[in-house]
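Asks: Just so it is clear, I am handing over entry.csv, which has CSV, C-alpha atoms and all ligand atoms.
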```csv
chain,number,residue,atom,x,y,z
Z,1,MET,CA,158.0,76.5,23.8
Z,2,ASN,CA,154.4,77.2,24.8
Z,3,GLU,CA,152.7,74.0,26.0
Z,4,ARG,CA,149.4,75.7,26.8
Z,5,ILE,CA,146.3,73.9,25.5
Z,6,TYR,CA,143.8,76.3,24.1
Z,7,SER,CA,140.7,76.2,21.9
Z,8,ILE,CA,139.3,78.5,19.3
Z,9,ALA,CA,135.6,78.3,18.3
Z,10,ILE,CA,134.5,79.6,14.9
Z,11,ASP,CA,130.8,79.7,14.2
Z,12,GLY,CA,128.8,81.3,11.4
Z,13,PRO,CA,126.5,80.5,8.5
Z,14,SER,CA,127.4,78.3,5.7
Z,15,GLY,CA,129.7,79.8,3.0
Z,16,ALA,CA,131.2,82.5,5.3
Z,17,GLY,CA,134.6,80.9,4.8
Z,18,LYS,CA,134.8,79.2,8.1
Z,19,SER,CA,136.5,76.0,7.0
Z,20,THR,CA,139.0,77.5,4.6
Z,21,LEU,CA,140.0,80.1,7.1
Z,22,ALA,CA,140.0,77.7,10.1
Z,23,LYS,CA,142.2,75.3,8.1
Z,24,ALA,CA,144.7,78.1,7.3
Z,25,VAL,CA,144.8,79.3,10.9
Z,26,ALA,CA,145.3,75.7,12.1
Z,27,ALA,CA,148.2,75.2,9.7
Z,28,GLN,CA,149.8,78.5,10.7
Z,29,ARG,CA,149.6,77.9,14.4
Z,30,GLY,CA,150.3,74.1,14.2
Z,31,ILE,CA,147.0,73.1,15.9
Z,32,LEU,CA,144.3,70.7,15.0
Z,33,TYR,CA,141.4,71.7,12.8
Z,34,VAL,CA,138.0,70.1,13.4
Z,35,ASP,CA,135.2,70.6,10.9
Z,36,THR,CA,132.1,69.7,12.9
Z,37,GLY,CA,129.8,70.2,9.9
Z,38,ALA,CA,131.5,67.1,8.3
Z,39,ILE,CA,130.2,65.1,11.3
Z,40,TYR,CA,126.6,66.2,10.7
Z,41,ARG,CA,127.1,65.6,7.0
Z,42,SER,CA,128.2,62.0,7.7
Z,43,ILE,CA,125.0,61.3,9.7
Z,44,GLY,CA,123.1,62.9,6.8
Z,45,CYS,CA,124.9,60.6,4.4
Z,46,TYR,CA,123.9,57.5,6.4
Z,47,VAL,CA,120.2,58.6,6.6
Z,48,ARG,CA,120.1,59.3,2.9
Z,49,ARG,CA,121.6,56.0,2.0
Z,50,LYS,CA,119.0,54.3,4.1
Z,51,GLY,CA,116.2,56.2,2.3
Z,52,ILE,CA,115.0,57.8,5.5
Z,53,ASP,CA,113.3,61.2,5.4
Z,54,PRO,CA,115.8,63.4,7.4
Z,55,LYS,CA,112.9,65.3,9.0
Z,56,ASP,CA,111.4,62.1,10.4
Z,57,SER,CA,113.0,62.3,13.8
Z,58,GLU,CA,111.8,59.0,15.0
Z,59,SER,CA,113.3,57.1,12.1
Z,60,VAL,CA,116.6,59.0,12.3
Z,61,ILE,CA,116.9,58.4,16.1
Z,62,ALA,CA,116.2,54.7,15.5
Z,63,VAL,CA,119.2,54.3,13.3
Z,64,LEU,CA,121.7,56.3,15.5
Z,65,PRO,CA,122.9,53.2,17.3
Z,66,GLU,CA,124.0,51.7,13.9
Z,67,ILE,CA,126.1,54.7,13.1
Z,68,HIS,CA,129.8,55.0,14.0
Z,69,VAL,CA,131.5,58.2,12.9
Z,70,ASP,CA,135.3,58.5,13.1
Z,71,MET,CA,137.6,61.4,12.2
Z,72,VAL,CA,141.0,60.5,11.0
Z,73,TYR,CA,143.8,62.7,9.8
Z,74,SER,CA,145.9,61.9,6.9
Z,75,GLU,CA,149.6,62.7,6.9
Z,76,ASP,CA,149.0,66.1,5.2
Z,77,GLY,CA,146.7,67.0,8.1
Z,78,LEU,CA,143.5,66.7,6.1
Z,79,GLN,CA,140.4,65.5,8.0
Z,80,HIS,CA,138.8,62.4,6.7
Z,81,MET,CA,135.4,61.2,7.7
Z,82,LEU,CA,134.8,57.5,8.2
Z,83,LEU,CA,131.2,56.3,8.3
Z,84,ASN,CA,131.2,52.8,9.8
Z,85,GLY,CA,134.7,52.4,8.6
Z,86,GLU,CA,134.1,53.7,5.0
Z,87,ASP,CA,135.8,56.9,3.9
Z,88,VAL,CA,132.9,59.3,2.9
Z,89,THR,CA,135.0,62.5,2.8
Z,90,THR,CA,134.0,63.1,-0.9
Z,91,GLU,CA,130.4,62.0,-0.8
Z,92,ILE,CA,129.5,64.2,2.1
Z,93,ARG,CA,130.3,67.3,0.0
Z,94,LEU,CA,127.4,66.5,-2.5
Z,95,PRO,CA,125.0,69.4,-2.5
Z,96,GLU,CA,122.0,67.1,-1.6
Z,97,ILE,CA,123.8,66.0,1.6
Z,98,SER,CA,123.8,69.7,2.8
Z,99,MET,CA,120.0,69.6,3.3
Z,100,TYR,CA,120.2,66.2,4.9
Z,101,ALA,CA,122.8,67.5,7.3
Z,102,SER,CA,120.8,70.6,8.1
Z,103,ALA,CA,117.7,68.5,8.8
Z,104,VAL,CA,119.3,65.9,11.0
Z,105,SER,CA,121.2,68.6,12.9
Z,106,ALA,CA,117.8,70.0,14.1
Z,107,ILE,CA,117.1,66.7,16.0
Z,108,PRO,CA,118.1,67.1,19.7
Z,109,GLU,CA,119.1,63.4,20.0
Z,110,VAL,CA,121.5,63.7,17.0
Z,111,ARG,CA,123.2,66.7,18.6
Z,112,GLU,CA,123.5,64.9,22.0
Z,113,PHE,CA,124.9,61.8,20.2
Z,114,LEU,CA,127.7,63.9,18.7
Z,115,LEU,CA,128.4,66.3,21.6
Z,116,GLU,CA,130.9,64.2,23.6
Z,117,MET,CA,132.8,63.2,20.4
Z,118,GLN,CA,133.3,66.9,19.6
Z,119,ARG,CA,134.3,67.8,23.2
Z,120,SER,CA,136.8,65.0,23.6
Z,121,LEU,CA,138.7,66.3,20.6
Z,122,ALA,CA,139.5,69.5,22.4
Z,123,ARG,CA,140.5,68.0,25.7
Z,124,THR,CA,144.0,66.9,25.0
Z,125,ARG,CA,145.3,69.3,22.4
Z,126,SER,CA,144.8,72.8,21.0
Z,127,VAL,CA,142.1,73.0,18.4
Z,128,ILE,CA,140.3,75.3,16.1
Z,129,MET,CA,136.8,74.0,15.7
Z,130,ASP,CA,134.2,75.3,13.3
Z,131,GLY,CA,130.5,74.9,13.3
Z,132,ARG,CA,127.3,76.5,14.4
Z,133,ASP,CA,127.2,76.0,18.1
Z,134,ILE,CA,130.8,75.6,19.1
Z,135,GLY,CA,131.1,78.8,21.2
Z,136,THR,CA,127.6,78.5,22.6
Z,137,VAL,CA,127.2,74.7,23.4
Z,138,VAL,CA,130.2,72.5,22.4
Z,139,LEU,CA,133.0,74.6,23.9
Z,140,PRO,CA,131.4,77.3,26.0
Z,141,ASP,CA,134.8,77.9,27.7
Z,142,ALA,CA,136.7,78.3,24.4
Z,143,ASP,CA,139.6,80.7,24.8
Z,144,VAL,CA,138.7,82.5,21.6
Z,145,LYS,CA,135.3,82.7,20.0
Z,146,ILE,CA,134.8,84.1,16.6
Z,147,PHE,CA,131.5,84.6,14.7
Z,148,LEU,CA,132.3,84.7,11.0
Z,149,THR,CA,129.7,86.2,8.7
Z,150,ALA,CA,129.3,87.6,5.2
Z,151,ALA,CA,126.2,88.8,3.3
Z,152,VAL,CA,124.3,85.9,1.9
Z,153,GLU,CA,124.7,87.1,-1.7
Z,154,LYS,CA,128.5,87.2,-1.3
Z,155,ARG,CA,128.4,83.7,0.2
Z,156,ALA,CA,126.3,82.4,-2.6
Z,157,MET,CA,128.6,84.0,-5.2
Z,158,ARG,CA,131.7,82.4,-3.6
Z,159,ARG,CA,129.9,79.0,-3.5
Z,160,VAL,CA,129.1,79.4,-7.2
Z,161,LYS,CA,132.7,80.0,-8.1
Z,162,GLU,CA,133.8,77.1,-6.0
Z,163,LEU,CA,131.4,74.8,-7.7
Z,164,GLU,CA,132.5,76.1,-11.1
Z,165,GLU,CA,136.2,75.4,-10.3
Z,166,ARG,CA,135.2,71.9,-9.1
Z,167,GLY,CA,133.6,71.3,-12.5
Z,168,THR,CA,130.1,71.0,-11.1
Z,169,PRO,CA,128.6,74.4,-11.9
Z,170,ARG,CA,125.2,75.5,-10.6
Z,171,PRO,CA,123.1,78.6,-11.3
Z,172,TYR,CA,123.5,81.5,-8.8
Z,173,GLU,CA,119.8,81.9,-8.1
Z,174,GLU,CA,119.5,78.2,-7.1
Z,175,VAL,CA,122.6,78.4,-4.8
Z,176,LEU,CA,121.3,81.6,-3.3
Z,177,ARG,CA,117.9,80.2,-2.6
Z,178,GLU,CA,119.3,77.0,-1.0
Z,179,MET,CA,121.7,79.1,1.1
Z,180,GLN,CA,118.8,81.3,2.4
Z,181,GLN,CA,116.8,78.2,3.2
Z,182,ARG,CA,119.7,76.6,5.1
Z,183,ASP,CA,120.4,79.9,7.0
Z,184,TRP,CA,116.8,80.0,8.0
Z,185,ALA,CA,116.7,76.4,9.2
Z,186,ASP,CA,120.0,76.7,11.1
Z,187,THR,CA,119.0,79.9,12.9
Z,188,HIS,CA,115.4,78.9,13.7
Z,189,ARG,CA,115.8,75.4,15.0
Z,190,GLU,CA,114.8,74.9,18.6
Z,191,ILE,CA,118.0,73.3,19.8
Z,192,ALA,CA,121.4,75.0,19.5
Z,193,PRO,CA,120.5,77.4,16.8
Z,194,LEU,CA,123.2,79.3,15.0
Z,195,LYS,CA,123.7,82.5,17.0
Z,196,GLN,CA,126.6,84.6,18.1
Z,197,ALA,CA,127.9,83.8,21.6
Z,198,ASP,CA,127.8,86.9,23.9
Z,199,ASP,CA,131.6,86.8,24.2
Z,200,ALA,CA,132.3,86.1,20.5
Z,201,ILE,CA,134.1,88.5,18.3
Z,202,PRO,CA,132.2,89.2,15.1
Z,203,VAL,CA,134.2,89.2,11.9
Z,204,ASP,CA,132.4,90.1,8.6
Z,205,THR,CA,134.2,88.9,5.5
Z,206,SER,CA,131.7,90.4,2.9
Z,207,ASP,CA,134.2,92.9,1.6
Z,208,ILE,CA,137.6,91.3,2.3
Z,209,GLY,CA,139.4,88.6,0.5
Z,210,PHE,CA,140.9,85.4,1.9
Z,211,GLU,CA,144.4,86.7,2.7
Z,212,ASP,CA,143.1,89.8,4.6
Z,213,SER,CA,140.5,87.7,6.4
Z,214,LYS,CA,143.2,85.2,7.5
Z,215,LEU,CA,145.5,88.0,8.8
Z,216,LEU,CA,142.6,89.5,10.6
Z,217,LEU,CA,141.7,86.3,12.3
Z,218,LEU,CA,145.3,85.5,13.2
Z,219,ASP,CA,145.5,89.0,14.8
Z,220,VAL,CA,142.3,88.6,16.7
Z,221,ILE,CA,143.4,85.2,18.0
Z,222,ARG,CA,146.8,86.4,19.1
Z,223,ARG,CA,145.3,89.3,21.0
Z,224,ARG,CA,142.6,87.2,22.7
Z,225,LEU,CA,145.3,84.7,23.7
Z,226,GLY,CA,147.3,87.5,25.2
Z,227,GLU,CA,150.3,86.9,22.9
Z,228,GLU,CA,150.9,90.6,22.3
Y,1,LIG,O1,129.2,73.7,7.9
Y,1,LIG,P1,128.5,72.7,7.0
Y,1,LIG,O2,127.7,73.4,5.9
Y,1,LIG,O3,129.3,71.6,6.5
Y,1,LIG,O4,127.3,72.0,8.0
Y,1,LIG,C1,126.4,71.2,7.5
Y,1,LIG,C2,125.1,71.3,8.4
Y,1,LIG,O5,125.4,70.8,9.7
Y,1,LIG,C3,124.6,72.7,8.6
Y,1,LIG,O6,123.5,73.0,7.8
Y,1,LIG,C4,124.2,72.8,10.0
Y,1,LIG,C5,124.8,71.6,10.7
Y,1,LIG,N1,125.8,71.9,11.7
Y,1,LIG,C6,125.3,72.1,13.0
Y,1,LIG,O7,124.1,72.1,13.2
Y,1,LIG,N2,126.2,72.3,14.0
Y,1,LIG,C7,127.5,72.3,13.8
Y,1,LIG,N3,128.4,72.5,14.8
Y,1,LIG,C8,128.0,72.2,12.4
Y,1,LIG,C9,127.1,72.0,11.4
```
Reformat the file's structure so that it appears as structure tokens.
Replies:
Amino acid sequence: MNERIYSIAIDGPSGAGKSTLAKAVAAQRGILYVDTGAIYRSIGCYVRRKGIDPKDSESVIAVLPEIHVDMVYSEDGLQHMLLNGEDVTTEIRLPEISMYASAVSAIPEVREFLLEMQRSLARTRSVIMDGRDIGTVVLPDADVKIFLTAAVEKRAMRRVKELEERGTPRPYEEVLREMQQRDWADTHREIAPLKQADDAIPVDTSDIGFEDSKLLLLDVIRRRLGEE
């Protein structure tokens, strides 16, 4: 049995399929999946509930000491987010929380506040962690770094389908515009902007479906870990 502890970083813009793919890879390899976007979303959720403008850094920083975010895993391996003890797993997926998460994630003190929490998760076990700055900031020594992308139109289309299936349909144009805005905010912020790490392997899923993307990732990971 291989006892080696390793880490896999998956970064990329929203809607590239990071979480679905990372979850599938984690299940296949029997390692922990950590969705770091959910942590930023939990902070966004708190800020929204408090009626704070997420761009007002001072007010956001002032409430950080009141926030305790925990990640727990249910028996089926699903990640649940606890905000001061309350399960907010469903609430953080609301579309309006996306913008709050994006805005609070541009505040350096918020990133600093969450850094150690993310790093500690990868210290004692093998993980696949997805986010925007995992390969560049959180786990710069990750054994495998993947930068997952897809054309923004494709990503918006996938999100539209997902929302439709969830029974909360939204128009394509609106979803596309929001995705473009979020891409811009995530890549242009001053601290830890979304960018490909020098040693990351780019994977573009614009023209390949889920199964092929998963096989491709598993293959890239095996090769990077020297398993074949
Ligand atoms: O992956 P997501 O859509 O759930 O992420 C929500 C927001 O959080 C996203 O707009 C950018 C931010 N984020 C970040 O800045 N760094 C991460 N490692 C993960 C997410």
Asks: Tell me, as a PyMOL selection string, which residues lie within 9 Å of Tyr33 in chain Z, counting only C-alpha atoms; anything in the same chain fewer than 5 positions away does not count.
Replies: chain Z and resi 19+22-23+25-27+77-79+126-130
Asks: With all atoms listed in the file as the atoms that count, which of Z:Val88, Z:Pro95, Z:Leu121, Z:Tyr46 lies nearest to Leu163 in chain Z?
Replies: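 Between Z:Val88, Z:Pro95, Z:Leu121, Z:Tyr46, the residue approaching Leu163 in chain Z most closely is Z:Pro95.
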Asks: Counting all atoms listed in the file, which residue out of Z:Glu91, Z:Glu86, Z:Glu190, Z:Glu174 sits closest to Ala38 in chain Z?
Replies: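 Closest to Ala38 in chain Z, using all atoms listed in the file: Z:Glu91.
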Asks: What do you get as a ChimeraX atom specification if you pick all residues at most 6 Å from ligand LIG 1 (chain Y), counting only C-alpha atoms and all ligand atoms?
Replies: /Z:14,36-38,40-41,98,101-102,105,131-134,182,186
Asks: Which residues, written as a list in words, have at least one atom at most 12 Å from Ser206 in chain Z, with all atoms listed in the file counted and residues fewer than 6 positions away on the same chain left out?
Replies: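 The residues satisfying every condition are Gly15, Ala16, Gly17, Leu148, Thr149, Ala150, Ala151, Val152, Glu153, Lys154, Arg155, Ala156, Met157, Arg158, Asp212 and Ser213 of chain Z.
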Asks: Rounded to one decimal place, report the CA of Lys145 in chain Z-CA of Arg224 in chain Z distance in Å.
Replies: 9.0 Å
Asks: Just the residues within 12 Å of Leu215 in chain Z, please, counting only C-alpha atoms, with nothing from its chain fewer than 3 positions along; format it as a PyMOL selection string.
Replies: chain Z and resi 21-22+24-25+28+203+205+208-212+218-222
Asks: Between Z:Leu176, Z:Ala192, Z:Gly167, Z:Asn84, which residue has the minimum interatomic distance to Glu66 in chain Z, considering only C-alpha atoms?
Replies: Z:Asn84
Asks: Using all atoms listed in the file, which residue out of Z:Ala9, Z:Ile92, Z:Leu114, Z:Ala103 lies closest to Val69 in chain Z?
Replies: Z:Leu114
Asks: Using Å and a single decimal, report how far CA of Ile5 in chain Z sits from CA of Arg119 in chain Z.
Replies: 13.7 Å
Asks: Find the distance between CA of Tyr6 in chain Z and CA of Glu112 in chain Z and write it in Å to one decimal.
Replies: 23.4 Å
Asks: Looking at Z:Phe113, Z:Met99, Z:Arg177, Z:Gly85, which one is nearest to Asp53 in chain Z, with distances taken over only C-alpha atoms?
Replies: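 Selected residue with least distance to Asp53 in chain Z: Z:Met99.
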Asks: Here is a test: counting all atoms listed in the file, which residue of Z:Pro202, Z:Lys55, Z:Lys18, Z:Ser120 is nearest to Ala185 in chain Z?
Replies: Z:Lys55
Asks: Residues within 10 Å of Arg170 in chain Z, please, as a PyMOL selection string. Count only C-alpha atoms; anything in the same chain fewer than 4 positions from it doesn't count.
Replies: chain Z and resi 159-164+174-175
Asks: Please supply range 155-166 of chain Z, rebuilt with all heavy atoms, as a PDB file, keeping the file's coordinate frame.
Replies:
```pdb
ATOM      1  N   ARG Z 155     128.160  85.129  -0.067  1.00  0.00           N
ATOM      2  CA  ARG Z 155     128.400  83.700   0.200  1.00  0.00           C
ATOM      3  C   ARG Z 155     127.995  82.840  -0.920  1.00  0.00           C
ATOM      4  O   ARG Z 155     128.676  81.889  -1.297  1.00  0.00           O
ATOM      5  CB  ARG Z 155     127.741  83.326   1.538  1.00  0.00           C
ATOM      6  CG  ARG Z 155     128.375  83.983   2.755  1.00  0.00           C
ATOM      7  CD  ARG Z 155     127.809  83.427   4.030  1.00  0.00           C
ATOM      8  NE  ARG Z 155     126.591  84.076   4.461  1.00  0.00           N
ATOM      9  CZ  ARG Z 155     125.438  83.470   4.698  1.00  0.00           C
ATOM     10  NH1 ARG Z 155     125.326  82.174   4.547  1.00  0.00           N
ATOM     11  NH2 ARG Z 155     124.389  84.149   5.100  1.00  0.00           N
ATOM     12  N   ALA Z 156     126.815  83.169  -1.484  1.00  0.00           N
ATOM     13  CA  ALA Z 156     126.300  82.400  -2.600  1.00  0.00           C
ATOM     14  C   ALA Z 156     127.230  82.511  -3.804  1.00  0.00           C
ATOM     15  O   ALA Z 156     127.520  81.526  -4.492  1.00  0.00           O
ATOM     16  CB  ALA Z 156     124.885  82.829  -2.946  1.00  0.00           C
ATOM     17  N   MET Z 157     127.715  83.722  -4.045  1.00  0.00           N
ATOM     18  CA  MET Z 157     128.600  84.000  -5.200  1.00  0.00           C
ATOM     19  C   MET Z 157     129.906  83.154  -5.021  1.00  0.00           C
ATOM     20  O   MET Z 157     130.385  82.551  -5.983  1.00  0.00           O
ATOM     21  CB  MET Z 157     128.906  85.474  -5.244  1.00  0.00           C
ATOM     22  CG  MET Z 157     129.574  85.918  -6.512  1.00  0.00           C
ATOM     23  SD  MET Z 157     128.745  85.303  -7.975  1.00  0.00           S
ATOM     24  CE  MET Z 157     127.605  86.623  -8.258  1.00  0.00           C
ATOM     25  N   ARG Z 158     130.438  83.126  -3.804  1.00  0.00           N
ATOM     26  CA  ARG Z 158     131.700  82.400  -3.600  1.00  0.00           C
ATOM     27  C   ARG Z 158     131.423  80.873  -3.807  1.00  0.00           C
ATOM     28  O   ARG Z 158     132.255  80.180  -4.373  1.00  0.00           O
ATOM     29  CB  ARG Z 158     132.130  82.543  -2.107  1.00  0.00           C
ATOM     30  CG  ARG Z 158     132.723  83.920  -1.854  1.00  0.00           C
ATOM     31  CD  ARG Z 158     133.098  84.057  -0.384  1.00  0.00           C
ATOM     32  NE  ARG Z 158     133.344  85.432  -0.021  1.00  0.00           N
ATOM     33  CZ  ARG Z 158     133.319  85.905   1.224  1.00  0.00           C
ATOM     34  NH1 ARG Z 158     133.056  85.102   2.215  1.00  0.00           N
ATOM     35  NH2 ARG Z 158     133.555  87.171   1.472  1.00  0.00           N
ATOM     36  N   ARG Z 159     130.251  80.383  -3.349  1.00  0.00           N
ATOM     37  CA  ARG Z 159     129.900  79.000  -3.500  1.00  0.00           C
ATOM     38  C   ARG Z 159     129.812  78.643  -5.033  1.00  0.00           C
ATOM     39  O   ARG Z 159     130.273  77.601  -5.506  1.00  0.00           O
ATOM     40  CB  ARG Z 159     128.646  78.636  -2.784  1.00  0.00           C
ATOM     41  CG  ARG Z 159     128.190  77.205  -2.742  1.00  0.00           C
ATOM     42  CD  ARG Z 159     129.136  76.166  -2.203  1.00  0.00           C
ATOM     43  NE  ARG Z 159     129.773  76.399  -0.911  1.00  0.00           N
ATOM     44  CZ  ARG Z 159     129.279  76.054   0.277  1.00  0.00           C
ATOM     45  NH1 ARG Z 159     128.136  75.458   0.362  1.00  0.00           N
ATOM     46  NH2 ARG Z 159     129.949  76.277   1.378  1.00  0.00           N
ATOM     47  N   VAL Z 160     129.217  79.564  -5.803  1.00  0.00           N
ATOM     48  CA  VAL Z 160     129.100  79.400  -7.200  1.00  0.00           C
ATOM     49  C   VAL Z 160     130.438  79.219  -7.907  1.00  0.00           C
ATOM     50  O   VAL Z 160     130.669  78.330  -8.728  1.00  0.00           O
ATOM     51  CB  VAL Z 160     128.260  80.538  -7.876  1.00  0.00           C
ATOM     52  CG1 VAL Z 160     128.383  80.560  -9.383  1.00  0.00           C
ATOM     53  CG2 VAL Z 160     126.790  80.429  -7.484  1.00  0.00           C
ATOM     54  N   LYS Z 161     131.355  80.086  -7.508  1.00  0.00           N
ATOM     55  CA  LYS Z 161     132.700  80.000  -8.100  1.00  0.00           C
ATOM     56  C   LYS Z 161     133.411  78.718  -7.715  1.00  0.00           C
ATOM     57  O   LYS Z 161     134.051  78.084  -8.547  1.00  0.00           O
ATOM     58  CB  LYS Z 161     133.554  81.197  -7.478  1.00  0.00           C
ATOM     59  CG  LYS Z 161     133.392  82.471  -8.264  1.00  0.00           C
ATOM     60  CD  LYS Z 161     134.589  83.394  -8.011  1.00  0.00           C
ATOM     61  CE  LYS Z 161     134.307  84.768  -8.584  1.00  0.00           C
ATOM     62  NZ  LYS Z 161     134.545  85.852  -7.635  1.00  0.00           N
ATOM     63  N   GLU Z 162     133.238  78.324  -6.450  1.00  0.00           N
ATOM     64  CA  GLU Z 162     133.800  77.100  -6.000  1.00  0.00           C
ATOM     65  C   GLU Z 162     133.328  75.885  -6.775  1.00  0.00           C
ATOM     66  O   GLU Z 162     134.097  75.025  -7.209  1.00  0.00           O
ATOM     67  CB  GLU Z 162     133.425  76.958  -4.505  1.00  0.00           C
ATOM     68  CG  GLU Z 162     134.251  76.070  -3.620  1.00  0.00           C
ATOM     69  CD  GLU Z 162     133.619  76.088  -2.214  1.00  0.00           C
ATOM     70  OE1 GLU Z 162     133.688  77.140  -1.541  1.00  0.00           O
ATOM     71  OE2 GLU Z 162     133.024  75.078  -1.822  1.00  0.00           O
ATOM     72  N   LEU Z 163     132.006  75.860  -6.998  1.00  0.00           N
ATOM     73  CA  LEU Z 163     131.400  74.800  -7.700  1.00  0.00           C
ATOM     74  C   LEU Z 163     131.871  74.746  -9.185  1.00  0.00           C
ATOM     75  O   LEU Z 163     132.090  73.688  -9.781  1.00  0.00           O
ATOM     76  CB  LEU Z 163     129.860  74.855  -7.676  1.00  0.00           C
ATOM     77  CG  LEU Z 163     129.243  74.568  -6.306  1.00  0.00           C
ATOM     78  CD1 LEU Z 163     127.771  74.971  -6.270  1.00  0.00           C
ATOM     79  CD2 LEU Z 163     129.362  73.088  -5.956  1.00  0.00           C
ATOM     80  N   GLU Z 164     132.049  75.929  -9.735  1.00  0.00           N
ATOM     81  CA  GLU Z 164     132.500  76.100 -11.100  1.00  0.00           C
ATOM     82  C   GLU Z 164     133.937  75.492 -11.218  1.00  0.00           C
ATOM     83  O   GLU Z 164     134.229  74.703 -12.119  1.00  0.00           O
ATOM     84  CB  GLU Z 164     132.590  77.561 -11.435  1.00  0.00           C
ATOM     85  CG  GLU Z 164     131.944  77.955 -12.763  1.00  0.00           C
ATOM     86  CD  GLU Z 164     131.862  79.469 -12.810  1.00  0.00           C
ATOM     87  OE1 GLU Z 164     132.937  80.123 -12.857  1.00  0.00           O
ATOM     88  OE2 GLU Z 164     130.737  79.974 -12.776  1.00  0.00           O
ATOM     89  N   GLU Z 165     134.779  75.873 -10.249  1.00  0.00           N
ATOM     90  CA  GLU Z 165     136.200  75.400 -10.300  1.00  0.00           C
ATOM     91  C   GLU Z 165     136.239  73.879 -10.093  1.00  0.00           C
ATOM     92  O   GLU Z 165     137.134  73.235 -10.594  1.00  0.00           O
ATOM     93  CB  GLU Z 165     136.959  76.070  -9.125  1.00  0.00           C
ATOM     94  CG  GLU Z 165     137.386  77.481  -9.511  1.00  0.00           C
ATOM     95  CD  GLU Z 165     137.759  78.340  -8.293  1.00  0.00           C
ATOM     96  OE1 GLU Z 165     137.984  77.768  -7.203  1.00  0.00           O
ATOM     97  OE2 GLU Z 165     137.792  79.564  -8.451  1.00  0.00           O
ATOM     98  N   ARG Z 166     135.262  73.334  -9.375  1.00  0.00           N
ATOM     99  CA  ARG Z 166     135.200  71.900  -9.100  1.00  0.00           C
ATOM    100  C   ARG Z 166     134.669  71.131 -10.344  1.00  0.00           C
ATOM    101  O   ARG Z 166     134.585  69.916 -10.357  1.00  0.00           O
ATOM    102  CB  ARG Z 166     134.335  71.610  -7.939  1.00  0.00           C
ATOM    103  CG  ARG Z 166     135.115  71.069  -6.771  1.00  0.00           C
ATOM    104  CD  ARG Z 166     134.148  70.549  -5.754  1.00  0.00           C
ATOM    105  NE  ARG Z 166     134.180  71.357  -4.562  1.00  0.00           N
ATOM    106  CZ  ARG Z 166     133.269  71.307  -3.607  1.00  0.00           C
ATOM    107  NH1 ARG Z 166     132.216  70.532  -3.734  1.00  0.00           N
ATOM    108  NH2 ARG Z 166     133.382  72.045  -2.532  1.00  0.00           N
TER     109      ARG Z 166
END
```
